[in-house]
Amino acid sequence: MKDMFVRFPRRQRIEHSLVMSIFIILAVTGFPQQFSDAGWARGTLALMGGVEVARALHRFAGIAFALLAAVHMGTAVTLVVTGKSRPSMIPGRKDFSDAIKTLRYYLGASDQQAQFDRYDYRQKFEYWGILMGGLLMVATGLILYFPLIATRFFPGVLIPIAKVAHSNEGLMAFLVVLTWHIYNAHLNPDVFPFDFTIFNGKISRHRMETEHPLELARLTGESVAPHEHPKKDE
C-alpha cells in the first residue's frame with residue numbers, strides 16, 4: 001500500500017520477539033529468587049517446581065540473552081561496515097538540540113516541533129540504556145554462574161558486588177520497560193490503544209510525516225514541512 005511503509009524488517013521483528021520472550025522468562029524466574037522471603041515469591045517458586053528449576057530456567061534464559069546480544073551487536077556492526085545500513089542509533093549533536101526544542105515546544109515557549117529521522121533522541125537513549133544494562137546483566141550473571149573461575153582472576157569481594165548489581169539492574173530494567181518503553185512505544189496517546197509496528201513491521205504515512213519526517217523525505221525525496229503548534233486564536 002502506498003500509504004504504508006516498512007519500518008522494521010523481519011529480522012528486527014523476530015529479534016524483538018525473542019528479546020521480549022527472554023526478558024519475561026528472566027523476570028518471572030529472577031524476581032522470586034531476589035525476593036524469596038515474600039509470600040508471592042515462595043508461591044511462584046513452588047509453581048515452577050522449586051528454586052532449582054527456577055534457577056536453571058533463569059540461567060538458560062540468561063545464556064540465550066547473551067547469545068542474542070552478541071548476534072545483535074555483530075549484525076549491526078557488519079551492516080554498517082558493509083554499507084547496508086546507516087548508523088541511525090548513534091547519538092549526535094542534533095539529538096541534544098532536538099531534546100531542547102521538544103522541551104521548549106511542550107512548555108509552550110516555541111510553536112515548532114523537532115524534526116526526527118529514523119529514531120529520535122528518546123529512542124536512542126532507551127536503546128543504549130537497555131544495551132548497556134543488558135551487557136552489565138550478562139557480565140554479572142557470568143560472574144555469579146562461574147564464581148570459582150571469576151575469583152581466580154579477581155578478588156572474592158567481586159561476587160557479592162556482582163550479586164547486588166545483577167539484582168538491582170534487573171529491577172531497574174524491569175521498571176524502565178514497564179513504565180517507559182511500553183507506554184512510550186505502545187500506549188502513548190498518539191498511538192493508543194496499541195502500536196503494532198514492531199510486530200507487523202508497518203507504519204502509516206501519516207505517522208511518518210509526524211514522527212519521522214526526515215526519514216520520509218530521504219525515502220521519497222519529498223521536502224520536509226515544519227510542524228507547528230496551532231495558535232491559540234486559531
# chains A, B, ... in the order shown; residues from 1 in each chain; ligands from 1
>>> closest_atom_pairs(of="segment 139-231 of chain A", to="segment 117-124 of chain A", cutoff="8 Å", atoms="only C-alpha atoms", output="JSON lines")
{"residue": "A:His212", "atom": "CA", "partner": "A:Asp117", "partner_atom": "CA", "distance": 5.0}
{"residue": "A:Pro213", "atom": "CA", "partner": "A:Asp117", "partner_atom": "CA", "distance": 6.4}
{"residue": "A:Leu214", "atom": "CA", "partner": "A:Asp117", "partner_atom": "CA", "distance": 4.6}
{"residue": "A:Glu215", "atom": "CA", "partner": "A:Asp117", "partner_atom": "CA", "distance": 4.7}
{"residue": "A:Leu216", "atom": "CA", "partner": "A:Asp117", "partner_atom": "CA", "distance": 8.0}
>>> write_last_selection(atoms="N, CA and C atoms", output="PDB file, in the first residue's frame")
ATOM      1  N   HIS A 212       8.559  10.868  11.884  1.00  0.00           N
ATOM      2  CA  HIS A 212       9.860  10.653  11.230  1.00  0.00           C
ATOM      3  C   HIS A 212       9.908  11.369   9.879  1.00  0.00           C
ATOM      4  N   PRO A 213       9.677  12.688   9.870  1.00  0.00           N
ATOM      5  CA  PRO A 213       9.620  13.412   8.592  1.00  0.00           C
ATOM      6  C   PRO A 213      10.936  13.403   7.824  1.00  0.00           C
ATOM      7  N   LEU A 214      12.064  13.421   8.519  1.00  0.00           N
ATOM      8  CA  LEU A 214      13.345  13.420   7.829  1.00  0.00           C
ATOM      9  C   LEU A 214      13.599  12.079   7.139  1.00  0.00           C
ATOM     10  N   GLU A 215      13.189  11.007   7.758  1.00  0.00           N
ATOM     11  CA  GLU A 215      13.323   9.690   7.120  1.00  0.00           C
ATOM     12  C   GLU A 215      12.398   9.595   5.914  1.00  0.00           C
ATOM     13  N   LEU A 216      11.186  10.108   6.055  1.00  0.00           N
ATOM     14  CA  LEU A 216      10.240  10.099   4.938  1.00  0.00           C
ATOM     15  C   LEU A 216      10.797  10.888   3.762  1.00  0.00           C
TER      16      LEU A 216
END
>>> select_by_dssp(residues="segment 12-233 of chain A", states="strand (DSSP E or B)", output="list in words")
Gln112, Lys202, Ile203, Ser204 and Glu228 of chain A
>>> closest_residue(among="A:Leu187, A:Ile90, A:Val51, A:Ala69", to="Phe35 of chain A", atoms="only C-alpha atoms")
A:Val51
>>> closest_residue(among="A:Ala41, A:Leu219, A:Leu47, A:Ala165", to="Leu135 of chain A", atoms="only C-alpha atoms")
A:Ala165
>>> residues_around(residues="segment 207-211 of chain A", least_positions_apart="5", cutoff="10 Å", atoms="only C-alpha atoms", output="VMD selection string")
chain A and resid 3 to 5 7 113 to 120 190 to 191 216 to 217 224 to 227
>>> select_by_dssp(residues="segment 184-221 of chain A", states="alpha helix (DSSP H)", output="tab-separated table (two decimals) with N, CA, C and O atoms, in the first residue's frame")
chain	number	residue	atom	x	y	z
A	197	THR	N	3.54	-1.72	15.22
A	197	THR	CA	4.60	-1.59	14.22
A	197	THR	C	5.72	-2.60	14.41
A	197	THR	O	6.20	-3.19	13.44
A	198	ILE	N	6.17	-2.81	15.64
A	198	ILE	CA	7.28	-3.73	15.88
A	198	ILE	C	6.87	-5.17	15.64
A	198	ILE	O	7.72	-6.06	15.48
A	199	PHE	N	5.55	-5.45	15.55
A	199	PHE	CA	5.08	-6.81	15.32
A	199	PHE	C	4.73	-7.07	13.86
A	199	PHE	O	4.97	-8.18	13.36
A	200	ASN	N	4.16	-6.07	13.17
A	200	ASN	CA	3.86	-6.28	11.75
A	200	ASN	C	4.82	-5.55	10.82
A	200	ASN	O	4.80	-5.75	9.61
A	205	ARG	N	1.82	6.44	6.52
A	205	ARG	CA	2.43	7.68	6.01
A	205	ARG	C	2.18	8.83	6.97
A	205	ARG	O	3.07	9.66	7.19
A	206	HIS	N	0.99	8.87	7.54
A	206	HIS	CA	0.67	9.96	8.48
A	206	HIS	C	1.64	9.96	9.65
A	206	HIS	O	2.15	11.02	10.04
A	207	ARG	N	1.93	8.79	10.20
A	207	ARG	CA	2.87	8.73	11.32
A	207	ARG	C	4.28	9.04	10.87
A	207	ARG	O	5.05	9.64	11.62
A	208	MET	N	4.63	8.65	9.67
A	208	MET	CA	5.96	9.01	9.15
A	208	MET	C	6.08	10.52	9.02
A	208	MET	O	7.12	11.10	9.34
A	209	GLU	N	5.02	11.17	8.57
A	209	GLU	CA	5.04	12.62	8.40
A	209	GLU	C	5.18	13.34	9.73
A	209	GLU	O	5.85	14.38	9.82
A	210	THR	N	4.53	12.81	10.77
A	210	THR	CA	4.53	13.49	12.06
A	210	THR	C	5.67	13.05	12.98
A	210	THR	O	6.19	13.86	13.76
A	211	GLU	N	6.09	11.77	12.89
A	211	GLU	CA	7.09	11.25	13.81
A	211	GLU	C	8.49	11.12	13.20
A	211	GLU	O	9.49	11.25	13.92
A	213	PRO	N	9.68	12.69	9.87
A	213	PRO	CA	9.62	13.41	8.59
A	213	PRO	C	10.94	13.40	7.82
A	213	PRO	O	10.93	13.39	6.59
A	214	LEU	N	12.06	13.42	8.52
A	214	LEU	CA	13.34	13.42	7.83
A	214	LEU	C	13.60	12.08	7.14
A	214	LEU	O	14.16	12.03	6.04
A	215	GLU	N	13.19	11.01	7.76
A	215	GLU	CA	13.32	9.69	7.12
A	215	GLU	C	12.40	9.60	5.91
A	215	GLU	O	12.79	9.06	4.86
A	216	LEU	N	11.19	10.11	6.05
A	216	LEU	CA	10.24	10.10	4.94
A	216	LEU	C	10.80	10.89	3.76
A	216	LEU	O	10.70	10.45	2.60
A	217	ALA	N	11.39	12.03	4.05
A	217	ALA	CA	11.97	12.86	2.99
A	217	ALA	C	13.11	12.13	2.30
A	217	ALA	O	13.27	12.20	1.06
A	218	ARG	N	13.90	11.40	3.05
A	218	ARG	CA	15.03	10.66	2.46
A	218	ARG	C	14.54	9.50	1.60
A	218	ARG	O	15.12	9.20	0.55
A	219	LEU	N	13.46	8.85	2.02
A	219	LEU	CA	12.95	7.71	1.29
A	219	LEU	C	12.19	8.10	0.04
A	219	LEU	O	12.23	7.39	-0.98
A	220	THR	N	11.49	9.22	0.09
A	220	THR	CA	10.62	9.61	-1.02
A	220	THR	C	11.15	10.78	-1.84
A	220	THR	O	10.66	11.02	-2.94
>>> residues_around(residues="segment 166-177 of chain A", least_positions_apart="4", cutoff="10 Å", atoms="only C-alpha atoms", output="short mmCIF file (atom, residue, chain, number, x, y, z; two decimals) with N, CA, C and O atoms, in the first residue's frame")
data_model
loop_
_atom_site.label_atom_id
_atom_site.label_comp_id
_atom_site.auth_asym_id
_atom_site.auth_seq_id
_atom_site.Cartn_x
_atom_site.Cartn_y
_atom_site.Cartn_z
N PHE A 23 13.12 -11.78 28.08
CA PHE A 23 13.01 -10.82 29.19
C PHE A 23 11.92 -11.26 30.18
O PHE A 23 12.11 -11.18 31.39
N ILE A 24 10.80 -11.73 29.66
CA ILE A 24 9.71 -12.18 30.52
C ILE A 24 10.15 -13.39 31.35
O ILE A 24 9.88 -13.47 32.56
N LEU A 26 13.22 -14.21 32.19
CA LEU A 26 14.19 -13.75 33.19
C LEU A 26 13.51 -13.08 34.37
O LEU A 26 13.90 -13.28 35.53
N ALA A 27 12.49 -12.28 34.09
CA ALA A 27 11.78 -11.58 35.16
C ALA A 27 11.00 -12.57 36.03
O ALA A 27 11.05 -12.51 37.27
N GLY A 30 13.60 -14.67 37.89
CA GLY A 30 14.59 -13.94 38.67
C GLY A 30 14.05 -13.26 39.91
O GLY A 30 14.65 -13.36 40.99
N PHE A 31 12.92 -12.58 39.77
CA PHE A 31 12.39 -11.83 40.91
C PHE A 31 11.98 -12.71 42.09
O PHE A 31 12.19 -12.32 43.24
N GLN A 33 13.47 -15.28 43.09
CA GLN A 33 14.72 -15.60 43.78
C GLN A 33 15.23 -14.38 44.55
O GLN A 33 15.74 -14.51 45.67
N GLN A 34 15.08 -13.20 43.96
CA GLN A 34 15.55 -11.99 44.61
C GLN A 34 14.74 -11.68 45.86
O GLN A 34 15.28 -11.22 46.87
N PHE A 35 13.42 -11.89 45.79
CA PHE A 35 12.53 -11.59 46.93
C PHE A 35 11.99 -12.89 47.51
O PHE A 35 10.78 -13.02 47.76
N GLU A 126 16.89 5.24 25.14
CA GLU A 126 16.36 3.98 25.65
C GLU A 126 17.16 2.79 25.12
O GLU A 126 17.49 1.85 25.86
N GLY A 129 20.57 2.63 26.80
CA GLY A 129 20.39 2.29 28.20
C GLY A 129 20.12 0.80 28.37
O GLY A 129 20.71 0.15 29.24
N ILE A 130 19.23 0.26 27.53
CA ILE A 130 18.92 -1.17 27.61
C ILE A 130 20.13 -2.01 27.19
O ILE A 130 20.43 -3.05 27.80
N GLY A 133 22.75 -1.77 29.97
CA GLY A 133 22.23 -2.51 31.11
C GLY A 133 22.25 -4.01 30.86
O GLY A 133 22.56 -4.80 31.76
N GLY A 134 21.95 -4.40 29.62
CA GLY A 134 21.98 -5.81 29.26
C GLY A 134 23.38 -6.39 29.35
O GLY A 134 23.58 -7.52 29.83
N LEU A 136 25.73 -5.30 31.30
CA LEU A 136 26.04 -5.41 32.73
C LEU A 136 25.40 -6.66 33.31
O LEU A 136 26.03 -7.38 34.12
N MET A 137 24.17 -6.96 32.92
CA MET A 137 23.49 -8.16 33.40
C MET A 137 24.22 -9.42 32.96
O MET A 137 24.36 -10.38 33.72
N VAL A 138 24.69 -9.43 31.71
CA VAL A 138 25.42 -10.59 31.20
C VAL A 138 26.72 -10.78 31.97
O VAL A 138 27.05 -11.89 32.40
N ALA A 139 27.46 -9.68 32.17
CA ALA A 139 28.76 -9.77 32.86
C ALA A 139 28.60 -10.24 34.29
O ALA A 139 29.29 -11.17 34.75
N THR A 140 27.66 -9.63 35.02
CA THR A 140 27.46 -10.03 36.42
C THR A 140 26.85 -11.42 36.52
O THR A 140 27.15 -12.18 37.45
N GLY A 141 26.01 -11.77 35.55
CA GLY A 141 25.42 -13.10 35.55
C GLY A 141 26.47 -14.18 35.35
O GLY A 141 26.42 -15.24 36.00
N ILE A 143 29.61 -13.93 36.17
CA ILE A 143 30.40 -13.98 37.42
C ILE A 143 29.69 -14.84 38.46
O ILE A 143 30.32 -15.67 39.14
N LEU A 144 28.37 -14.68 38.58
CA LEU A 144 27.61 -15.47 39.55
C LEU A 144 27.47 -16.93 39.11
O LEU A 144 27.34 -17.83 39.96
N PRO A 160 29.81 -10.76 45.85
CA PRO A 160 28.64 -10.04 46.40
C PRO A 160 28.34 -8.75 45.65
O PRO A 160 27.17 -8.35 45.55
N ILE A 161 29.37 -8.09 45.12
CA ILE A 161 29.14 -6.88 44.33
C ILE A 161 28.35 -7.23 43.07
O ILE A 161 27.40 -6.52 42.70
N ALA A 162 28.74 -8.32 42.42
CA ALA A 162 28.04 -8.75 41.21
C ALA A 162 26.59 -9.12 41.51
O ALA A 162 25.68 -8.84 40.72
N HIS A 181 9.16 2.15 28.27
CA HIS A 181 9.09 1.56 26.94
C HIS A 181 7.67 1.20 26.52
O HIS A 181 7.23 1.57 25.43
N ILE A 182 6.96 0.49 27.37
CA ILE A 182 5.63 0.04 26.99
C ILE A 182 4.70 1.23 26.75
O ILE A 182 3.93 1.26 25.79
N TYR A 183 4.80 2.25 27.62
CA TYR A 183 3.95 3.43 27.41
C TYR A 183 4.39 4.21 26.16
O TYR A 183 3.58 4.49 25.28
N ASN A 184 5.68 4.54 26.09
CA ASN A 184 6.16 5.40 25.02
C ASN A 184 6.02 4.75 23.65
O ASN A 184 5.72 5.42 22.66
N ALA A 185 6.25 3.42 23.58
CA ALA A 185 6.23 2.75 22.28
C ALA A 185 4.86 2.21 21.89
O ALA A 185 4.60 2.04 20.70
#
>>> residues_around(residues="His72 of chain A", least_positions_apart="5", cutoff="9 Å", atoms="only C-alpha atoms", output="number ranges by chain")
A: 15, 67, 77
>>> atom_distance(atom1="atom CA of Gly156 of chain A", atom2="atom CA of Phe60 of chain A")
24.8 Å
>>> decode(residues="segment 80-170 of chain A", atoms="C-alpha atoms", output="PDB file, in the first residue's frame")
ATOM      1  CA  VAL A  80      27.070  -0.549   8.960  1.00  0.00           C
ATOM      2  CA  VAL A  81      30.604  -1.503   7.895  1.00  0.00           C
ATOM      3  CA  THR A  82      29.352  -3.067   4.643  1.00  0.00           C
ATOM      4  CA  GLY A  83      27.202  -0.015   3.898  1.00  0.00           C
ATOM      5  CA  LYS A  84      23.925  -1.939   4.046  1.00  0.00           C
ATOM      6  CA  SER A  85      22.643   0.092   6.982  1.00  0.00           C
ATOM      7  CA  ARG A  86      23.041   3.582   8.393  1.00  0.00           C
ATOM      8  CA  PRO A  87      24.357   4.120  11.959  1.00  0.00           C
ATOM      9  CA  SER A  88      20.981   5.613  12.837  1.00  0.00           C
ATOM     10  CA  MET A  89      21.198   4.753  16.543  1.00  0.00           C
ATOM     11  CA  ILE A  90      24.398   6.731  17.145  1.00  0.00           C
ATOM     12  CA  PRO A  91      23.550   9.910  19.122  1.00  0.00           C
ATOM     13  CA  GLY A  92      24.683  13.185  17.565  1.00  0.00           C
ATOM     14  CA  ARG A  93      24.630  16.901  18.211  1.00  0.00           C
ATOM     15  CA  LYS A  94      21.181  17.155  16.627  1.00  0.00           C
ATOM     16  CA  ASP A  95      19.735  14.873  19.315  1.00  0.00           C
ATOM     17  CA  PHE A  96      20.703  17.352  22.033  1.00  0.00           C
ATOM     18  CA  SER A  97      19.194  20.273  20.111  1.00  0.00           C
ATOM     19  CA  ASP A  98      16.074  18.186  19.415  1.00  0.00           C
ATOM     20  CA  ALA A  99      15.683  17.486  23.140  1.00  0.00           C
ATOM     21  CA  ILE A 100      15.850  21.210  23.918  1.00  0.00           C
ATOM     22  CA  LYS A 101      13.496  22.056  21.053  1.00  0.00           C
ATOM     23  CA  THR A 102      10.979  19.418  22.225  1.00  0.00           C
ATOM     24  CA  LEU A 103      11.119  20.706  25.792  1.00  0.00           C
ATOM     25  CA  ARG A 104      10.519  24.275  24.592  1.00  0.00           C
ATOM     26  CA  TYR A 105       7.591  23.052  22.474  1.00  0.00           C
ATOM     27  CA  TYR A 106       5.915  21.207  25.357  1.00  0.00           C
ATOM     28  CA  LEU A 107       6.422  24.211  27.664  1.00  0.00           C
ATOM     29  CA  GLY A 108       4.758  26.466  25.106  1.00  0.00           C
ATOM     30  CA  ALA A 109       7.914  28.510  24.509  1.00  0.00           C
ATOM     31  CA  SER A 110       8.044  27.532  20.817  1.00  0.00           C
ATOM     32  CA  ASP A 111       5.496  26.705  18.116  1.00  0.00           C
ATOM     33  CA  GLN A 112       7.801  24.452  16.111  1.00  0.00           C
ATOM     34  CA  GLN A 113       8.404  20.795  16.862  1.00  0.00           C
ATOM     35  CA  ALA A 114      11.699  18.987  16.389  1.00  0.00           C
ATOM     36  CA  GLN A 115      12.101  17.112  13.104  1.00  0.00           C
ATOM     37  CA  PHE A 116      13.165  13.497  13.653  1.00  0.00           C
ATOM     38  CA  ASP A 117      14.845  10.983  11.386  1.00  0.00           C
ATOM     39  CA  ARG A 118      14.501   7.199  11.756  1.00  0.00           C
ATOM     40  CA  TYR A 119      14.936   7.365  15.542  1.00  0.00           C
ATOM     41  CA  ASP A 120      14.501  10.290  17.906  1.00  0.00           C
ATOM     42  CA  TYR A 121      16.675  11.092  20.922  1.00  0.00           C
ATOM     43  CA  ARG A 122      14.318   9.300  23.324  1.00  0.00           C
ATOM     44  CA  GLN A 123      14.513   6.056  21.366  1.00  0.00           C
ATOM     45  CA  LYS A 124      18.298   6.313  21.173  1.00  0.00           C
ATOM     46  CA  PHE A 125      18.567   6.966  24.897  1.00  0.00           C
ATOM     47  CA  GLU A 126      16.365   3.977  25.654  1.00  0.00           C
ATOM     48  CA  TYR A 127      18.242   1.723  23.222  1.00  0.00           C
ATOM     49  CA  TRP A 128      21.675   2.492  24.637  1.00  0.00           C
ATOM     50  CA  GLY A 129      20.388   2.286  28.197  1.00  0.00           C
ATOM     51  CA  ILE A 130      18.923  -1.170  27.609  1.00  0.00           C
ATOM     52  CA  LEU A 131      22.015  -2.311  25.688  1.00  0.00           C
ATOM     53  CA  MET A 132      24.468  -1.154  28.371  1.00  0.00           C
ATOM     54  CA  GLY A 133      22.228  -2.508  31.110  1.00  0.00           C
ATOM     55  CA  GLY A 134      21.981  -5.807  29.263  1.00  0.00           C
ATOM     56  CA  LEU A 135      25.754  -6.087  28.986  1.00  0.00           C
ATOM     57  CA  LEU A 136      26.038  -5.409  32.725  1.00  0.00           C
ATOM     58  CA  MET A 137      23.493  -8.159  33.401  1.00  0.00           C
ATOM     59  CA  VAL A 138      25.415 -10.589  31.201  1.00  0.00           C
ATOM     60  CA  ALA A 139      28.760  -9.769  32.856  1.00  0.00           C
ATOM     61  CA  THR A 140      27.464 -10.026  36.417  1.00  0.00           C
ATOM     62  CA  GLY A 141      25.422 -13.103  35.553  1.00  0.00           C
ATOM     63  CA  LEU A 142      28.504 -14.895  34.240  1.00  0.00           C
ATOM     64  CA  ILE A 143      30.397 -13.981  37.416  1.00  0.00           C
ATOM     65  CA  LEU A 144      27.610 -15.467  39.547  1.00  0.00           C
ATOM     66  CA  TYR A 145      27.362 -18.509  37.277  1.00  0.00           C
ATOM     67  CA  PHE A 146      31.103 -19.212  37.437  1.00  0.00           C
ATOM     68  CA  PRO A 147      32.234 -17.777  40.810  1.00  0.00           C
ATOM     69  CA  LEU A 148      35.269 -20.074  41.144  1.00  0.00           C
ATOM     70  CA  ILE A 149      36.646 -19.035  37.782  1.00  0.00           C
ATOM     71  CA  ALA A 150      35.938 -15.357  38.497  1.00  0.00           C
ATOM     72  CA  THR A 151      37.785 -15.434  41.815  1.00  0.00           C
ATOM     73  CA  ARG A 152      40.873 -16.878  40.142  1.00  0.00           C
ATOM     74  CA  PHE A 153      41.384 -13.554  38.412  1.00  0.00           C
ATOM     75  CA  PHE A 154      39.564 -11.079  40.671  1.00  0.00           C
ATOM     76  CA  PRO A 155      39.147 -10.525  44.446  1.00  0.00           C
ATOM     77  CA  GLY A 156      36.402 -12.530  46.169  1.00  0.00           C
ATOM     78  CA  VAL A 157      34.529  -9.344  47.076  1.00  0.00           C
ATOM     79  CA  LEU A 158      33.522  -9.185  43.401  1.00  0.00           C
ATOM     80  CA  ILE A 159      30.928 -11.933  43.956  1.00  0.00           C
ATOM     81  CA  PRO A 160      28.640 -10.041  46.402  1.00  0.00           C
ATOM     82  CA  ILE A 161      29.141  -6.878  44.331  1.00  0.00           C
ATOM     83  CA  ALA A 162      28.037  -8.746  41.208  1.00  0.00           C
ATOM     84  CA  LYS A 163      25.007 -10.137  43.056  1.00  0.00           C
ATOM     85  CA  VAL A 164      23.843  -6.696  44.168  1.00  0.00           C
ATOM     86  CA  ALA A 165      24.494  -5.154  40.748  1.00  0.00           C
ATOM     87  CA  HIS A 166      22.735  -8.001  38.946  1.00  0.00           C
ATOM     88  CA  SER A 167      19.581  -7.866  41.067  1.00  0.00           C
ATOM     89  CA  ASN A 168      19.339  -4.067  41.158  1.00  0.00           C
ATOM     90  CA  GLU A 169      19.966  -3.674  37.430  1.00  0.00           C
ATOM     91  CA  GLY A 170      17.361  -6.336  36.726  1.00  0.00           C
TER      92      GLY A 170
END
